[in-house]
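Undergrad: Structure provided below as structure tokens; questions to follow.
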Amino acid sequence: MEEKVKIRVENLYKVFGRNPARAVDMVKKGISKEEILKKSKLAVGVADATFNVYEGETVVVMGLSGSGKSTLIRCVNRLMEPTAGRVIVDDVDVTALDANGLRDIRRKKFGMVFQSFALFPHKTVVENVEFGLEVQDVDPEVRRKKAEDALKLVGLSGWGDYLPENLSGGMKQRVGLARALAIDPDILLMDEAFSALDPLIRTDMQDELLALESRVKKTILFITHDLDEALKMGDRIVLMKDGKIVQIGTPEEILSKPANEYVERFVENVDITKVLTAQDVMKRPTPVAFVKDGPRTALRKMKEAGLSGIFVVRQNHELVGHVTADRAAQAAKDEEKWLDGITNADEVSSVPMDEPVRQIFPLVAENGNPVAVVDGDNILKGVIVRGSVLAALAERGEE
Amino acid sequence: MNVPKIPLGAGIEAILNFLTNALSPLTRAFSNGVELGIEGIVTGLSLVPPIILIVALALLAWKLAGYKIAIFAIIGLLFIWNLRLWDPTLSTLALVLIATFLAMVLGIPLGILAGLYDPFHKFVTPILDFMQTMPAFVYLIPAIPFFGLGPVAAVFATIIFAIPPAIRLTALGIRQIDVEMIEASEAFGTTTMQKLRKVQLPLALPTIMAGVNQTIMLSLSMVVIAAMIGAGGLGGEVWRAIQRLRPGQGFEAGLAVVIIAMLLDRITQSITKRNRADSV
């Protein structure tokens with residue numbers, strides 16, 4: 001990527017316990033987390049984490065509880081003090097800042113959203129949202145205005161005077177998000193922000209954050225233990241286990257090329273049909289019949305490939321329709337010259353390349369005919385037959 | 001075997017003697033201040049006709065704690081007045097107010113420190129345990145060499161006796177705040193003072209108020225006991241009744257103490273509850 005690096009995490013370590021620096025050397029020597037705990041009573045939270053977050057990107061740090069993901073995000077704005085390593089935000093070494101510098105960067109650059117919302121119960125919704133500005137001694141009228149704007153952004157205009165206790169979980173987290181957005185930070189740190197919400201609300205919030213993101217262009221570091229959520233939200237995913245980063249990659253890379261057995265096992269549980277799209281499971285569209293091929297040529301092509309039907313395209317591979325072997329044979333008998341007359345456009349289902357597999361299933365199951373995958377100009381890019389979807393799923397299930 | 005007794009008592013007396021001399025400017029200042037305060041309050045209150053004061057107190061109770069407590073205040077206070085115990089009640093109230101005020105002024109900041117800094121918390125906890133398990137009477141004795149017999153010594157002993165819950169519950173209130181609240185505050189770049197003022201103290205307030213309530217109740221009980229060193233007030237009436245073997249008189253004064261205790265307790269508790277309702 002040619003974009004600017006927004007957050008650079010370099011060889012970051014966080015060890016809990018007395019005299020924690022000892023454990024860093026032990027990790028470097030390759031001693032496992034358990035052994036370190038047994039030997040020295042030191043708990044390794046994060047070990048040697050290195051990754052970049054580019055400007056405008058959403059990076060999801062994913063792992064099970066105890067994998068160090070929450071510790072990692074807290075090291076980025078130093079709610080926890082890293083034991084070793086560096087965090088660099090916009091060329092500023094956050095790990096080297098003094099108390100004043102740290103306070104300043106927290107006020108300007110980071111908006112943080114918490115798992116259990118962490119709204120202040122003694123403050124109204126709007127007072128919560130303006131907290132970050134209040135801390136910066138922003139003029140009361142200005143900060144009230146900004147807070148109202150942030151509430152509007154998350155769809156909670158008019159709720160400002162309520163107390164958080166009167167709000168539902170989903171609404172509370174919207175307030176949490178508004179509080180983070182009110183200071184107009186470059187970076188959103190989201191610590192399991194949607195994990196405490198029930199599934200429907202959660203999906204809503206995910207969709208809204210995605211929509212919001214495209215409007216207000218923020219760099220987002222998102223923590224979750226839910227791979228489905230990670231795949232949905234992340235431009236890239238950082239997978240953690242036992243404090244170490246196991247794999248970094250796009251959702252597709254994680255799914256299709258799991259770096260090791262651990263990632264594979266993780267990936268197994270994902271509902272792949274939600275993630276895979278038409279282009280992931282389609283086959284090359286060969287052979288195809290051209291419109292000016294006669295029925296006999298079409299029949300020969302089918303016979304050679306062992307097909308019972310064939311897609312008919314124009315010279316530029318624009319999709320025209322589908323011809324079955326039966327009908328081609330009939331046309332040959334009738335001495336039809338072109339395929340035009342016998343090509344059936346209605347029977348063909350075509351889908352765009354990014355169509356989720358979930359949506360394609362019923363089409364394939366319905367009429368046994370293959371499904372055409374086309375691009376925006378209706379050019380045939382691939383075909384999906386029932387077998388290829390199942391094969392793609394089975395392949396990933398077995399690995 | 002005849003092991004000689006460890007001269008603990010003698011040692012402590014020596015230390016007290018030394019302190020009495022060394023601290024005499026300080027104790028004198030404290031003594032003057034407290035005496036002035038007590039006299040001020042008592043004279044001030046006794047200038048007001050009892051009936052007006054009763055109505056005013058009932059109105060205050062109404063505002064702070066609702067009409068039931070207000071009715072109880074009117075009946076209870078009229079009853080005390082009728083028993084001819086109005087003046088000793090005023091001086092007991094004055095002692096309680098001053099002792100509580102000073103215990104809070106000292107105790108809440110100490111509690112905040114103990115809430116924020118672990119080492120101080122570890123240092124202060126055993127001292128508080130010690131202070132709370134030591135029999136209350138014992139505090140009366142060192143109060144005498146410092147301040148002589150009288151209400152000032154009583155206030156001093158009362159502060160020592162009543163301060164632990166103020167410290168303890170303030171510290172507890174701060175320590176039990178959800179970690180995420182603190183993180184949320186810090187993540188937005190609060191200074192230590194901003195965090196304390198805008199987040200920690202408001203969230204700890206219900207617990208702090210529970211501590212204040214306990215401090216007031218302990219003050220009241222100690223002020224009665226402190227009659228033994230000349231505190232006067234309702235305790236003085238009880239003490240006199242004991243010495244003269246007049247159980248009836250003692251019972252009357254005791255009842256007045258109960259009424260005052262209930263009033264103070266209900267009023268401070270409802271302040272606590274209201275705070276809690278506002279903040280949770």
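Letters for chains follow the order of the structure tokens (A, B, ...), residue numbers begin at 1 for each chain, and ligand numbers begin at 1 in the order shown.
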What residues in chain B have any atom no more than 12 Å from chain A when counting only C-alpha atoms, and can you write them as a VMD selection string?
TA: chain B and resid 177 to 195 197 to 206 275 to 280
Undergrad: Would you pick out the contacts of Ala143 of chain B at 8 Å or less, using only C-alpha atoms, so that residues sharing its chain but fewer than 6 positions from it are not included, and give the list as a list in words?
TA: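 Answer for this query is Ala153, Ala154, Phe156 and Ala157 of chain B.
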Undergrad: Please, which residues of segment 285-384 of chain A, numbered as in this document, come out strand (DSSP E or B) from DSSP, as number ranges by chain?
TA: A: 289-290, 309-313, 318-324, 344, 349-352, 356, 371-374, 379-384
Undergrad: Rank nothing, just name the residue among B:Gly235, B:Pro142, B:Pro50, B:Gly40 nearest to Arg84 of chain B, using only C-alpha atoms.
TA: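 Nearest candidate to Arg84 of chain B out of B:Gly235, B:Pro142, B:Pro50, B:Gly40: B:Pro50.
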Undergrad: Between atom CA of Phe72 of chain B and atom CA of Ser219 of chain B, what is the distance in Å, rounded to a tenth?
TA: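 For atom CA of Phe72 of chain B relative to atom CA of Ser219 of chain B, the distance reads 21.7 Å.
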Undergrad: Closest to Thr324 of chain A among A:Asn369, A:Val92, A:Ala23, A:Glu304, using only C-alpha atoms?
TA: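 Ranked by minimum distance to Thr324 of chain A, first place goes to A:Asn369.
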Undergrad: Give me, as a list in words, all polymer residues having an atom no more than 9 Å from Trp338 of chain A, counting only C-alpha atoms and skipping those fewer than 5 positions away in the same chain.
TA: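 Once the nearby chain positions are removed, what remains is Val291, Lys292, Asp293, Gly294, Pro295 and Ala331 of chain A.
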Undergrad: Convert the current residue selection to file output with C-alpha atoms, as a PDB file, in the first residue's frame.
TA:
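Listed below is the output, out_15.pdb:
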```pdb
ATOM      1  CA  VAL A 291     -23.052 -16.293 -31.115  1.00  0.00           C
ATOM      2  CA  LYS A 292     -21.730 -16.902 -34.596  1.00  0.00           C
ATOM      3  CA  ASP A 293     -20.760 -20.475 -33.767  1.00  0.00           C
ATOM      4  CA  GLY A 294     -23.282 -22.790 -35.334  1.00  0.00           C
ATOM      5  CA  PRO A 295     -25.164 -25.332 -33.256  1.00  0.00           C
ATOM      6  CA  ALA A 331     -31.242 -26.964 -33.923  1.00  0.00           C
TER       7      ALA A 331
END
```
Undergrad: Leu97 of chain B: which residues within 12 Å, counting only C-alpha atoms, same-chain residues fewer than 5 positions away excluded, as an MDAnalysis selection string?
TA: chainID B and resid 34 37:38 41:42 90:92 102:104 155 158:159 162 212 215:220 223 264
Undergrad: Save the residues we just selected, C-alpha atoms, as a PDB file, in the first residue's frame?
TA:
```pdb
ATOM      1  CA  VAL B  34     -13.045  24.453  69.149  1.00  0.00           C
ATOM      2  CA  GLY B  37     -16.968  27.083  67.726  1.00  0.00           C
ATOM      3  CA  ILE B  38     -18.945  25.300  70.411  1.00  0.00           C
ATOM      4  CA  ILE B  41     -23.086  27.448  67.962  1.00  0.00           C
ATOM      5  CA  VAL B  42     -24.631  26.972  71.381  1.00  0.00           C
ATOM      6  CA  LEU B  90     -28.234  21.957  71.773  1.00  0.00           C
ATOM      7  CA  SER B  91     -24.801  21.531  73.272  1.00  0.00           C
ATOM      8  CA  THR B  92     -24.721  17.868  72.244  1.00  0.00           C
ATOM      9  CA  LEU B 102     -13.465  18.269  61.698  1.00  0.00           C
ATOM     10  CA  ALA B 103     -13.487  14.493  61.207  1.00  0.00           C
ATOM     11  CA  MET B 104     -14.646  15.014  57.638  1.00  0.00           C
ATOM     12  CA  VAL B 155     -14.358  16.828  70.698  1.00  0.00           C
ATOM     13  CA  THR B 158     -14.711  12.089  69.367  1.00  0.00           C
ATOM     14  CA  ILE B 159     -12.768  12.981  66.231  1.00  0.00           C
ATOM     15  CA  ALA B 162     -15.321   8.863  64.541  1.00  0.00           C
ATOM     16  CA  VAL B 212     -20.252  10.642  56.666  1.00  0.00           C
ATOM     17  CA  THR B 215     -19.047   9.357  61.286  1.00  0.00           C
ATOM     18  CA  ILE B 216     -22.022  11.339  62.535  1.00  0.00           C
ATOM     19  CA  MET B 217     -23.464   8.336  64.367  1.00  0.00           C
ATOM     20  CA  LEU B 218     -20.128   7.477  65.960  1.00  0.00           C
ATOM     21  CA  SER B 219     -19.675  11.131  66.937  1.00  0.00           C
ATOM     22  CA  LEU B 220     -23.001  11.118  68.698  1.00  0.00           C
ATOM     23  CA  VAL B 223     -20.097  12.648  72.637  1.00  0.00           C
ATOM     24  CA  LEU B 264     -29.420  12.602  62.096  1.00  0.00           C
TER      25      LEU B 264
END
```
Undergrad: Write out as a list in words which residues come within 7 Å of Ser157 of chain A when counting only C-alpha atoms, dropping same-chain ones fewer than 5 positions away.
TA: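 Selected residues are Glu148, Leu151 and Lys152 of chain A.
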Undergrad: Can those selected residues be exported to a file as a PDB file, in the first residue's frame so that it contains C-alpha atoms?
TA:
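Below is the file that was written, out-v6.pdb:
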```pdb
ATOM      1  CA  GLU A 148     -24.913  17.657  19.697  1.00  0.00           C
ATOM      2  CA  LEU A 151     -24.964  12.710  18.795  1.00  0.00           C
ATOM      3  CA  LYS A 152     -26.614  13.456  15.494  1.00  0.00           C
TER       4      LYS A 152
END
```
Undergrad: Please compute the atom CA of Val61 of chain A-atom CA of Asp198 of chain A distance, one decimal, in Å.
TA: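 Answer for the atom CA of Val61 of chain A to atom CA of Asp198 of chain A separation: 20.8 Å.
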Undergrad: Determine which residues of segment 120-367 of chain A DSSP labels as helix (DSSP H, G or I) from the backbone of this structure, then write them out as an MDAnalysis selection string.
TA: chainID A and resid 125:129 131:135 140:153 164:166 169:182 199:216 227:233 251:256 261:268 272:275 278:281 295:305 325:333 340:342 357:367
Undergrad: Might you pull out every residue within 12 Å of Pro109 of chain B, with only C-alpha atoms counted and same-chain residues fewer than 6 positions away left off, and present them as a PyMOL selection string?
TA: chain B and resi 102-103+115-116+163+166-171+174+196+201+208
Undergrad: Keeping only C-alpha atoms, write the selected residues as a PDB file, in the first residue's frame.
TA:
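part-v8.pdb written:
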```pdb
ATOM      1  CA  LEU B 102     -13.465  18.269  61.698  1.00  0.00           C
ATOM      2  CA  ALA B 103     -13.487  14.493  61.207  1.00  0.00           C
ATOM      3  CA  GLY B 115      -7.966   5.622  47.625  1.00  0.00           C
ATOM      4  CA  LEU B 116      -5.405   6.824  45.111  1.00  0.00           C
ATOM      5  CA  ILE B 163     -12.748   9.474  61.806  1.00  0.00           C
ATOM      6  CA  ALA B 166     -14.768   8.720  56.870  1.00  0.00           C
ATOM      7  CA  ILE B 167     -11.287   7.642  55.766  1.00  0.00           C
ATOM      8  CA  ARG B 168     -12.190   4.045  55.070  1.00  0.00           C
ATOM      9  CA  LEU B 169     -15.340   4.621  53.050  1.00  0.00           C
ATOM     10  CA  THR B 170     -13.860   7.485  51.054  1.00  0.00           C
ATOM     11  CA  ALA B 171     -10.973   5.219  50.095  1.00  0.00           C
ATOM     12  CA  ILE B 174     -12.607   5.600  45.086  1.00  0.00           C
ATOM     13  CA  LEU B 196     -10.412  13.175  40.592  1.00  0.00           C
ATOM     14  CA  LEU B 201     -15.195  11.957  43.492  1.00  0.00           C
ATOM     15  CA  ILE B 208     -18.385   8.828  50.912  1.00  0.00           C
TER      16      ILE B 208
END
```
Undergrad: Measure the distance from atom CA of Gly254 of chain B to atom CA of Met209 of chain B in Å and round it to one decimal.
TA: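 Calculated distance between atom CA of Gly254 of chain B and atom CA of Met209 of chain B is 26.5 Å.
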Undergrad: Write out as a PyMOL selection string which residues come within 9 Å of segment 249-263 of chain A when counting only C-alpha atoms, dropping same-chain ones fewer than 3 positions away.
TA: chain A and resi 230-232+234-239+241+246+266-268+270+272+275-276+396
